[in-house]
$ cat upload-v7.tsv   # TSV, C-alpha atoms
chain	number	residue	atom	x	y	z
A	1131	LEU	CA	6.53	-8.95	2.69
A	1132	SER	CA	10.30	-8.67	2.33
A	1133	VAL	CA	10.62	-12.40	1.61
A	1134	LEU	CA	7.45	-12.63	-0.47
A	1135	MET	CA	5.67	-14.91	1.98
A	1136	LEU	CA	2.52	-12.85	1.44
A	1137	ASN	CA	1.09	-11.11	-1.58
A	1138	PRO	CA	1.05	-7.41	-0.62
A	1139	MET	CA	-1.92	-6.76	-2.90
A	1140	LYS	CA	-3.99	-8.99	-0.64
A	1141	LEU	CA	-3.11	-6.83	2.38
A	1142	LEU	CA	-3.32	-3.28	1.01
A	1143	LEU	CA	-6.59	-1.39	0.82
A	1144	THR	CA	-7.77	-0.69	-2.73
A	1145	TYR	CA	-11.17	-0.15	-4.31
A	1146	GLU	CA	-10.67	-3.10	-6.64
A	1147	GLY	CA	-9.52	-5.35	-3.83
A	1148	VAL	CA	-12.55	-4.71	-1.64
A	1149	PHE	CA	-15.36	-4.34	-4.18
A	1150	GLU	CA	-14.17	-6.52	-7.06
A	1151	ASN	CA	-12.03	-9.21	-5.43
A	1152	TYR	CA	-13.80	-9.10	-2.04
A	1153	TYR	CA	-10.63	-8.71	-0.01
A	1154	ILE	CA	-12.67	-7.45	2.93
A	1155	TRP	CA	-9.88	-8.14	5.40
A	1156	THR	CA	-7.75	-5.39	3.83
A	1157	ILE	CA	-9.90	-2.87	5.72
A	1158	VAL	CA	-7.95	-4.08	8.76
A	1159	THR	CA	-4.69	-5.43	7.37
A	1160	ASN	CA	-3.73	-2.18	5.64
A	1161	PHE	CA	-3.13	-0.72	9.10
A	1162	LEU	CA	-0.69	-3.54	9.86
A	1163	VAL	CA	1.55	-3.26	6.79
A	1164	PHE	CA	4.86	-1.53	7.57
A	1165	GLY	CA	6.88	-2.81	4.63
A	1166	GLY	CA	9.97	-4.97	4.63
A	1167	PHE	CA	12.46	-5.30	7.44
A	1168	SER	CA	14.42	-2.06	7.81
A	1169	PHE	CA	15.52	0.57	10.27
A	1170	HIS	CA	12.31	2.49	9.59
A	1171	LEU	CA	10.27	-0.61	10.50
A	1172	ILE	CA	12.05	-0.89	13.86
A	1173	PHE	CA	11.62	2.85	14.43
A	1174	GLU	CA	7.87	2.73	13.78
A	1175	LEU	CA	7.40	-0.34	15.98
A	1176	LEU	CA	9.17	1.50	18.80
A	1177	LEU	CA	6.79	4.43	18.28
A	1178	VAL	CA	3.81	2.06	18.45
A	1179	TYR	CA	5.05	0.62	21.73
A	1180	TYR	CA	5.88	4.03	23.21
A	1181	ALA	CA	2.59	5.67	22.28
A	1182	CYS	CA	0.17	2.81	22.99
A	1183	SER	CA	1.78	1.67	26.24
A	1184	ASN	CA	1.74	5.22	27.61
A	1185	ILE	CA	-1.84	5.87	26.49
A	1186	GLU	CA	-3.03	2.67	28.14
A	1187	LYS	CA	-0.92	3.09	31.28
A	1188	TYR	CA	-1.36	6.78	32.04
A	1189	HIS	CA	-4.49	7.95	30.22
A	1190	MET	CA	-6.71	4.85	30.18
A	1191	PRO	CA	-5.60	2.55	33.01
A	1192	ASN	CA	-7.74	-0.60	32.95
A	1193	ARG	CA	-10.18	1.10	30.55
A	1194	TYR	CA	-9.87	-1.46	27.80
A	1195	ALA	CA	-13.10	-0.62	26.00
A	1196	ASP	CA	-12.07	3.04	25.80
A	1197	PHE	CA	-8.70	2.03	24.40
A	1198	VAL	CA	-10.32	-0.20	21.77
A	1199	TYR	CA	-12.61	2.65	20.77
A	1200	LEU	CA	-9.64	5.02	20.58
A	1201	VAL	CA	-7.94	2.63	18.14
A	1202	LEU	CA	-11.10	2.32	16.04
A	1203	SER	CA	-11.67	6.08	16.04
A	1204	CYS	CA	-8.09	6.85	15.02
A	1205	ALA	CA	-8.29	4.22	12.28
A	1206	LEU	CA	-11.46	5.85	10.94
A	1207	PHE	CA	-10.00	9.35	11.05
A	1208	SER	CA	-6.78	8.12	9.43
A	1209	PHE	CA	-8.79	6.53	6.63
A	1210	ILE	CA	-10.87	9.68	6.02
A	1211	PHE	CA	-7.88	12.01	5.87
A	1212	SER	CA	-5.82	9.50	3.88
A	1213	TRP	CA	-8.63	9.18	1.36
A	1214	PHE	CA	-8.70	12.94	0.84
A	1215	ALA	CA	-4.88	12.97	0.58
A	1216	GLY	CA	-4.89	10.05	-1.87
A	1217	ILE	CA	-2.70	7.71	0.22
A	1218	THR	CA	-5.11	4.92	1.14
A	1219	PRO	CA	-3.36	1.64	0.14
A	1220	TYR	CA	-1.78	1.32	3.59
A	1221	MET	CA	-2.22	3.55	6.60
A	1222	SER	CA	-0.01	2.08	9.32
A	1223	LYS	CA	2.17	5.18	9.67
A	1224	GLN	CA	-0.87	7.45	9.87
A	1225	LEU	CA	-2.35	5.34	12.65
A	1226	VAL	CA	0.92	5.24	14.60
A	1227	LEU	CA	1.34	9.01	14.39
A	1228	SER	CA	-2.23	9.55	15.56
A	1229	PHE	CA	-1.51	7.48	18.69
A	1230	LEU	CA	1.72	9.37	19.27
A	1231	TYR	CA	0.06	12.75	18.84
A	1232	ILE	CA	-2.66	11.88	21.36
A	1233	HIS	CA	-0.15	10.83	23.99
A	1234	CYS	CA	2.03	13.89	23.39
A	1235	LYS	CA	-0.94	16.26	23.69
A	1236	ARG	CA	-2.08	14.64	26.92
A	1237	ASP	CA	1.41	14.49	28.42
A	1238	PRO	CA	3.25	17.46	26.87
A	1239	GLN	CA	5.78	18.22	29.65
A	1240	THR	CA	7.57	14.88	29.92
A	1241	GLN	CA	11.17	15.00	28.71
A	1242	VAL	CA	11.98	12.55	25.91
A	1243	ARG	CA	15.30	11.59	24.38
A	1244	PHE	CA	15.53	11.29	20.62
A	1245	MET	CA	18.36	10.33	18.32
A	1246	PHE	CA	21.83	11.78	18.79
A	1247	GLY	CA	21.03	12.61	22.42
A	1248	LEU	CA	18.46	15.29	21.66
A	1249	VAL	CA	16.25	16.00	24.69
A	1250	PHE	CA	13.02	17.96	24.43
A	1251	LYS	CA	9.45	18.05	25.70
A	1252	ASN	CA	7.01	15.35	24.65
A	1253	ALA	CA	4.81	17.99	22.99
A	1254	TYR	CA	7.40	18.49	20.26
A	1255	LEU	CA	7.94	14.81	19.41
A	1256	PRO	CA	5.50	14.57	16.46
A	1257	TRP	CA	7.08	17.65	14.89
A	1258	VAL	CA	10.59	16.36	15.49
A	1259	ILE	CA	9.62	13.16	13.67
A	1260	LEU	CA	8.21	15.31	10.87
A	1261	GLY	CA	11.54	17.13	10.59
A	1262	TYR	CA	13.45	13.85	10.74
A	1263	SER	CA	11.35	12.50	7.85
A	1264	ILE	CA	12.16	15.57	5.78
A	1265	LEU	CA	15.89	15.19	6.45
A	1266	THR	CA	15.85	11.50	5.52
A	1267	GLY	CA	13.85	12.03	2.34
A	1268	GLN	CA	10.67	10.29	3.45
A	1269	SER	CA	7.19	11.43	2.55
A	1270	ILE	CA	5.73	13.72	5.21
A	1271	LEU	CA	2.14	13.32	3.99
A	1272	PRO	CA	1.39	10.21	6.12
A	1273	ILE	CA	2.80	12.01	9.17
A	1274	LEU	CA	0.64	15.07	8.57
A	1275	VAL	CA	-2.40	12.85	8.09
A	1276	GLY	CA	-1.64	11.02	11.35
A	1277	ILE	CA	-1.27	14.32	13.20
A	1278	ALA	CA	-4.59	15.50	11.76
A	1279	ALA	CA	-6.28	12.25	12.83
A	1280	GLY	CA	-4.87	12.48	16.34
A	1281	HIS	CA	-5.84	16.14	16.64
A	1282	THR	CA	-9.39	15.31	15.55
A	1283	TYR	CA	-9.60	12.74	18.34
A	1284	ILE	CA	-8.27	15.23	20.93
A	1285	VAL	CA	-10.80	17.87	19.89
A	1286	LEU	CA	-13.76	15.49	19.96
A	1287	LYS	CA	-12.75	13.61	23.10
A	1288	ASP	CA	-10.97	16.13	25.32
A	1289	VAL	CA	-11.96	19.61	24.13
A	1290	LEU	CA	-15.69	19.41	23.31
A	1291	PRO	CA	-16.70	17.69	26.58
A	1292	LYS	CA	-15.30	20.60	28.60
A	1293	SER	CA	-16.77	23.27	26.31
A	1294	GLN	CA	-20.05	25.02	26.99
A	1295	TYR	CA	-21.86	22.38	24.91
A	1296	LYS	CA	-20.56	19.40	26.97
A	1297	TYR	CA	-20.59	17.08	23.95
A	1298	ASP	CA	-18.71	13.79	24.18
A	1299	LEU	CA	-19.03	12.59	20.61
A	1300	LEU	CA	-16.56	9.76	21.17
A	1301	ARG	CA	-18.11	8.20	24.24
A	1302	THR	CA	-17.45	4.47	24.08
A	1303	PRO	CA	-20.56	2.64	22.79
A	1304	LYS	CA	-22.20	0.13	25.07
A	1305	PHE	CA	-21.78	-2.72	22.60
A	1306	ILE	CA	-17.99	-2.27	22.63
A	1307	GLU	CA	-18.02	-2.29	26.42
A	1308	ALA	CA	-20.07	-5.49	26.29
A	1309	LEU	CA	-17.70	-7.14	23.82
A	1310	VAL	CA	-14.63	-6.21	25.85
A	1311	LYS	CA	-16.30	-7.37	29.03
A	1312	ARG	CA	-17.06	-10.71	27.43
A	1313	TYR	CA	-13.87	-11.38	25.48
A	1314	GLY	CA	-11.25	-9.02	26.93
A	1315	PRO	CA	-9.40	-8.81	30.28
A	1316	ASN	CA	-11.84	-8.95	33.14
A	1317	PHE	CA	-10.84	-8.51	36.77
A	1318	ALA	CA	-11.87	-6.59	39.85
A	1319	GLY	CA	-11.67	-2.85	39.40
A	1320	ASN	CA	-11.74	-2.95	35.62
A	1321	ASN	CA	-13.30	0.27	34.35
A	1322	LEU	CA	-14.41	-0.86	30.91
A	1323	GLY	CA	-15.44	2.50	29.55
A	1324	GLY	CA	-17.53	5.57	30.05
A	1325	ALA	CA	-16.80	9.24	30.60
A	1326	ASN	CA	-13.36	10.63	29.91
A	1327	PRO	CA	-11.72	11.52	33.26
A	1328	TYR	CA	-9.01	13.46	31.45
A	1329	ALA	CA	-11.56	15.88	30.01
A	1330	GLN	CA	-13.33	16.12	33.37
A	1331	GLN	CA	-10.04	16.90	35.09
A	1332	GLN	CA	-9.43	19.80	32.73
A	1333	GLN	CA	-12.73	21.53	33.49
$ encode --input "upload-v7.tsv" --output "structure tokens"
Amino acid sequence: LSVLMLNPMKLLLTYEGVFENYYIWTIVTNFLVFGGFSFHLIFELLLVYYACSNIEKYHMPNRYADFVYLVLSCALFSFIFSWFAGITPYMSKQLVLSFLYIHCKRDPQTQVRFMFGLVFKNAYLPWVILGYSILTGQSILPILVGIAAGHTYIVLKDVLPKSQYKYDLLRTPKFIEALVKRYGPNFAGNNLGGANPYAQQQQ
């Protein structure tokens, strides 16, 4: 985008783009647009790596179908909240913050080191990033939307299954398990999907 190799209007999600110009791919590509090369781009890519690698490694080891469904669920929640907030053209930051929030809620006690040597518990990281965005003059609305999307996932996936109703509304569908089994990593011991052991552990 920074060198005009791609037309940003063909990547961002707009009503006209999807329904008038049939840019159907923008339903996906809007989550991949981070803007031009900058410090903020590097910062957000580091957040993506930190959040997703820890979710996959510690919360969903070898559960690739569950991870895929987590990404799809967070994308849907980010879109819904972004639509209500009026910030739908691109939702990459919202999606990244939803991943980060999920990891921080599931692993709140780990010590993390932020800029300038600040050390604090993982649970505070989303709010530290919120404060950092305020100090640097960035919009906090995408961050709040991402936190809301991540919190929605936590409630539906980790809280409701251990409630008296025992509802797991985000149980990975069988067709996603089948697709991952066919096209994704496949080796001995691969738990493709199913019940959430994290929620079961908390009962």
$ atom_distance --input "upload-v7.tsv" --atom1 "atom CA of A:Ile1277" --atom2 "atom CA of A:Ser1208"
9.1 Å
$ atom_distance --input "upload-v7.tsv" --atom1 "atom CA of A:Phe1211" --atom2 "atom CA of A:Ala1279"
7.1 Å
$ atom_distance --input "upload-v7.tsv" --atom1 "atom CA of A:Val1226" --atom2 "atom CA of A:Lys1311"
25.8 Å
$ closest_residue --input "upload-v7.tsv" --among "A:Tyr1188, A:Tyr1194, A:Phe1214, A:Tyr1152" --to "A:Ala1308" --atoms "all atoms listed in the file"
A:Tyr1194
$ residues_around --input "upload-v7.tsv" --residues "A:Phe1161" --least-positions-apart "2" --cutoff "6 Å" --atoms "all atoms listed in the file" --output "PyMOL selection string"
chain A and resi 1158-1159+1163+1221-1222
$ closest_residue --input "upload-v7.tsv" --among "A:Gly1314, A:Leu1265, A:Ile1232, A:Thr1302" --to "A:Asp1196" --atoms "all atoms listed in the file"
A:Thr1302
$ closest_residue --input "upload-v7.tsv" --among "A:Ala1195, A:Leu1225, A:Ile1154, A:Arg1236" --to "A:Val1289" --atoms "only C-alpha atoms"
A:Arg1236
$ residues_around --input "upload-v7.tsv" --residues "stretch 1166-1181 of chain A" --least-positions-apart "6" --cutoff "12 Å" --atoms "all atoms listed in the file" --output "PyMOL selection string"
chain A and resi 1131-1136+1138+1187-1189+1201+1222-1237+1242+1244-1245+1252+1255-1256+1259+1262-1263+1266+1268+1273+1280
$ closest_residue --input "upload-v7.tsv" --among "A:Thr1218, A:Gly1276, A:Pro1191, A:Arg1301" --to "A:Asp1288" --atoms "all atoms listed in the file"
A:Arg1301
$ closest_residue --input "upload-v7.tsv" --among "A:Glu1307, A:Leu1260, A:Leu1290, A:Tyr1313" --to "A:Val1198" --atoms "all atoms listed in the file"
A:Glu1307
$ closest_residue --input "upload-v7.tsv" --among "A:Ser1269, A:Gln1294, A:Ser1183, A:Asn1160" --to "A:Phe1209" --atoms "only C-alpha atoms"
A:Asn1160
